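Chemist: Take this structure, written in structure tokens, and hold onto it; I'll ask about it next.
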Amino acid sequence: MFDFRPVGDCPKPDAYRQLHDAAEALTSDEPDGVANMANIAALLWDFLPDTNWTGFYRMVGGELVLGPFIGRPACIRIPLGKGVCGTAAAEGETQLVEDVHAFPGHIACDSVTNSELVVPVLRDGDVVAVIDLDSPLKARFDEDDRQGIERLAEIISNRI
């Protein structure tokens with residue numbers, strides 16, 4: 001099958017290029033969005049150290065509904081504007097949160113999460129999903145992560 005783990009100890013931009021190539025290879029010919037989200041969640045889990053949850057929330061009927069993920073059980077439905085995911089979806093903007101406990105209205109689905117990166121997936125200007133990354137470390141995610149996951153969202157926007 002495939003072995004899509006990052007090669008060696010490479011800088012983050014190089015690791016993200018490898019992640020993008022892997023996502024491209026796995027999703028380019030697959031029309032099933034759920035299958036593509038499942039594989040992307042697994043890639044993120046393999047590629048990103050110090051994460052405790054990697055996955056998707058899908059926009060369904062005006063709210064976010066849990067999609068494929070790797071990690072502990074999660075909140076099933078998130079209203080727009082609530083928590084980090086709901087804020088990202090409502091504003092259509094990435095949320096890079098160094099300390100989730102300081103984020104107004106944070107929804108604690110997993111008490112060990114301390115930082116979060118949520119990137120909206122846009123199709124024709126509309127949010128169709130969000131990519132949600134959680135970490136037990138404070139300030140785990142940085143600008144390289146933001147840029148890498150935003151590029152991933154662009155790559156998969158028409159494949160999920």
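Order determines the names: the first chain of the structure tokens is A, the second B, and so forth; residues in each chain are numbered 1 upward, and ligands are numbered 1 upward as they are shown.
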Residues of chain A classed as helix (DSSP H, G or I) by DSSP on the backbone are to be reported as a ChimeraX atom specification.
Modeler: /A:12-27,33-47,83-91,100-102,143-156
Chemist: So that I can check the surroundings of Gly125 (chain A), please list as a short mmCIF file (atom, residue, chain, number, x, y, z; two decimals) with C-alpha atoms, in the first residue's frame every protein, DNA and RNA residue that reaches within 12 Å of it, counting only C-alpha atoms and ignoring chain neighbours fewer than 5 positions away.
Modeler:
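Contents of out_5.cif, freshly written:
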data_model
loop_
_atom_site.label_atom_id
_atom_site.label_comp_id
_atom_site.auth_asym_id
_atom_site.auth_seq_id
_atom_site.Cartn_x
_atom_site.Cartn_y
_atom_site.Cartn_z
CA ALA A 89 -16.77 28.14 10.15
CA GLU A 91 -16.03 33.67 9.96
CA GLY A 92 -14.55 31.56 7.17
CA GLU A 93 -11.13 32.24 8.69
CA PRO A 120 -12.08 26.21 7.00
CA GLU A 154 -7.25 24.23 -0.97
CA SER A 157 -11.78 21.48 -1.30
CA ASN A 158 -13.35 19.80 -4.33
#
Chemist: Which neighbours of region 32-35 of chain A fall inside 6 Å, counting only C-alpha atoms, when residues of the same chain fewer than 3 positions from it are skipped, and could you give them as a PyMOL selection string?
Modeler: chain A and resi 38+159-160
Chemist: Only N, CA and C atoms, please: the residues just picked out, written as a PDB file, in the first residue's frame.
Modeler:
ATOM      1  N   ALA A  38     -11.347  10.639   5.541  1.00  0.00           N
ATOM      2  CA  ALA A  38     -10.773   9.623   6.425  1.00  0.00           C
ATOM      3  C   ALA A  38      -9.273   9.472   6.170  1.00  0.00           C
ATOM      4  N   ARG A 159     -12.737  17.729  -3.218  1.00  0.00           N
ATOM      5  CA  ARG A 159     -12.627  16.271  -3.099  1.00  0.00           C
ATOM      6  C   ARG A 159     -13.306  15.727  -1.841  1.00  0.00           C
ATOM      7  N   ILE A 160     -13.933  16.615  -1.100  1.00  0.00           N
ATOM      8  CA  ILE A 160     -14.621  16.150   0.109  1.00  0.00           C
ATOM      9  C   ILE A 160     -16.079  16.548   0.063  1.00  0.00           C
TER      10      ILE A 160
END
Chemist: Write out as a list in words the set of residues from region 57-101 of chain A that DSSP, computed on the backbone, places in strand (DSSP E or B).
Modeler: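 Across region 57-101 of chain A, those assigned strand (DSSP E or B) are Tyr57, Arg58, Met59, Val60, Glu63, Leu64, Val65, Leu66, Gly67, Pro68, Phe69, Ile70, Gly71, Arg77, Ile78, Pro79, Gln95, Leu96 and Val97 of chain A.
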Chemist: Keeping only C-alpha atoms, write those residues as an mmCIF file, in the first residue's frame.
Modeler:
data_model
loop_
_atom_site.group_PDB
_atom_site.id
_atom_site.type_symbol
_atom_site.label_atom_id
_atom_site.label_comp_id
_atom_site.auth_asym_id
_atom_site.auth_seq_id
_atom_site.Cartn_x
_atom_site.Cartn_y
_atom_site.Cartn_z
ATOM 1 C CA TYR A 57 -16.283 18.698 10.951
ATOM 2 C CA ARG A 58 -18.654 18.938 7.974
ATOM 3 C CA MET A 59 -21.150 21.711 7.314
ATOM 4 C CA VAL A 60 -24.588 20.069 7.411
ATOM 5 C CA GLU A 63 -24.102 23.566 11.682
ATOM 6 C CA LEU A 64 -20.903 21.566 11.962
ATOM 7 C CA VAL A 65 -21.306 17.801 12.234
ATOM 8 C CA LEU A 66 -18.511 15.432 13.169
ATOM 9 C CA GLY A 67 -16.713 13.868 10.223
ATOM 10 C CA PRO A 68 -13.870 11.382 9.905
ATOM 11 C CA PHE A 69 -11.158 11.796 12.541
ATOM 12 C CA ILE A 70 -8.403 10.123 14.532
ATOM 13 C CA GLY A 71 -8.472 10.619 18.295
ATOM 14 C CA ARG A 77 -22.579 18.881 16.587
ATOM 15 C CA ILE A 78 -21.148 22.382 16.908
ATOM 16 C CA PRO A 79 -23.264 25.489 16.245
ATOM 17 C CA GLN A 95 -8.261 30.026 13.995
ATOM 18 C CA LEU A 96 -4.777 29.485 15.464
ATOM 19 C CA VAL A 97 -5.239 29.209 19.229
#
Chemist: Identify, on the basis of only C-alpha atoms, every residue whose closest approach to Asp50 (chain A) does not exceed 9 Å; exclude the query and any residue fewer than 2 positions from it along the same chain; express the result as a short mmCIF file (atom, residue, chain, number, x, y, z; two decimals) with C-alpha atoms, in the first residue's frame.
Modeler:
data_model
loop_
_atom_site.label_atom_id
_atom_site.label_comp_id
_atom_site.auth_asym_id
_atom_site.auth_seq_id
_atom_site.Cartn_x
_atom_site.Cartn_y
_atom_site.Cartn_z
CA LEU A 48 1.91 15.91 12.80
CA ASN A 52 -4.27 14.23 20.09
CA ASP A 134 -5.81 19.54 18.61
CA SER A 135 -2.70 19.21 20.76
CA PRO A 136 -2.06 18.62 24.43
CA LEU A 137 0.80 21.14 24.18
CA ARG A 140 1.86 23.65 19.45
#
Chemist: Could you name the residues that touch Glu116 (chain A) at 12 Å or less, counting only C-alpha atoms, but leaving out those on the same chain fewer than 2 positions away, as a ChimeraX atom specification?
Modeler: /A:50-55,83-85,88,94-103,106-110,112-114,118-119,131-142,145-146
Chemist: Please measure the separation of CA of Asp144 (chain A) and CA of Arg72 (chain A), giving the value in Å to one decimal.
Modeler: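 Interatomic distance, CA of Asp144 (chain A) to CA of Arg72 (chain A): 25.5 Å.
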Chemist: For Ile156 (chain A), find every residue with an atom within 10 Å (counting only C-alpha atoms), except residues of its own chain fewer than 4 positions away, and show them as number ranges by chain.
Modeler: A: 20, 23-24, 27-28, 33, 36-37, 40, 121-123, 151-152, 160
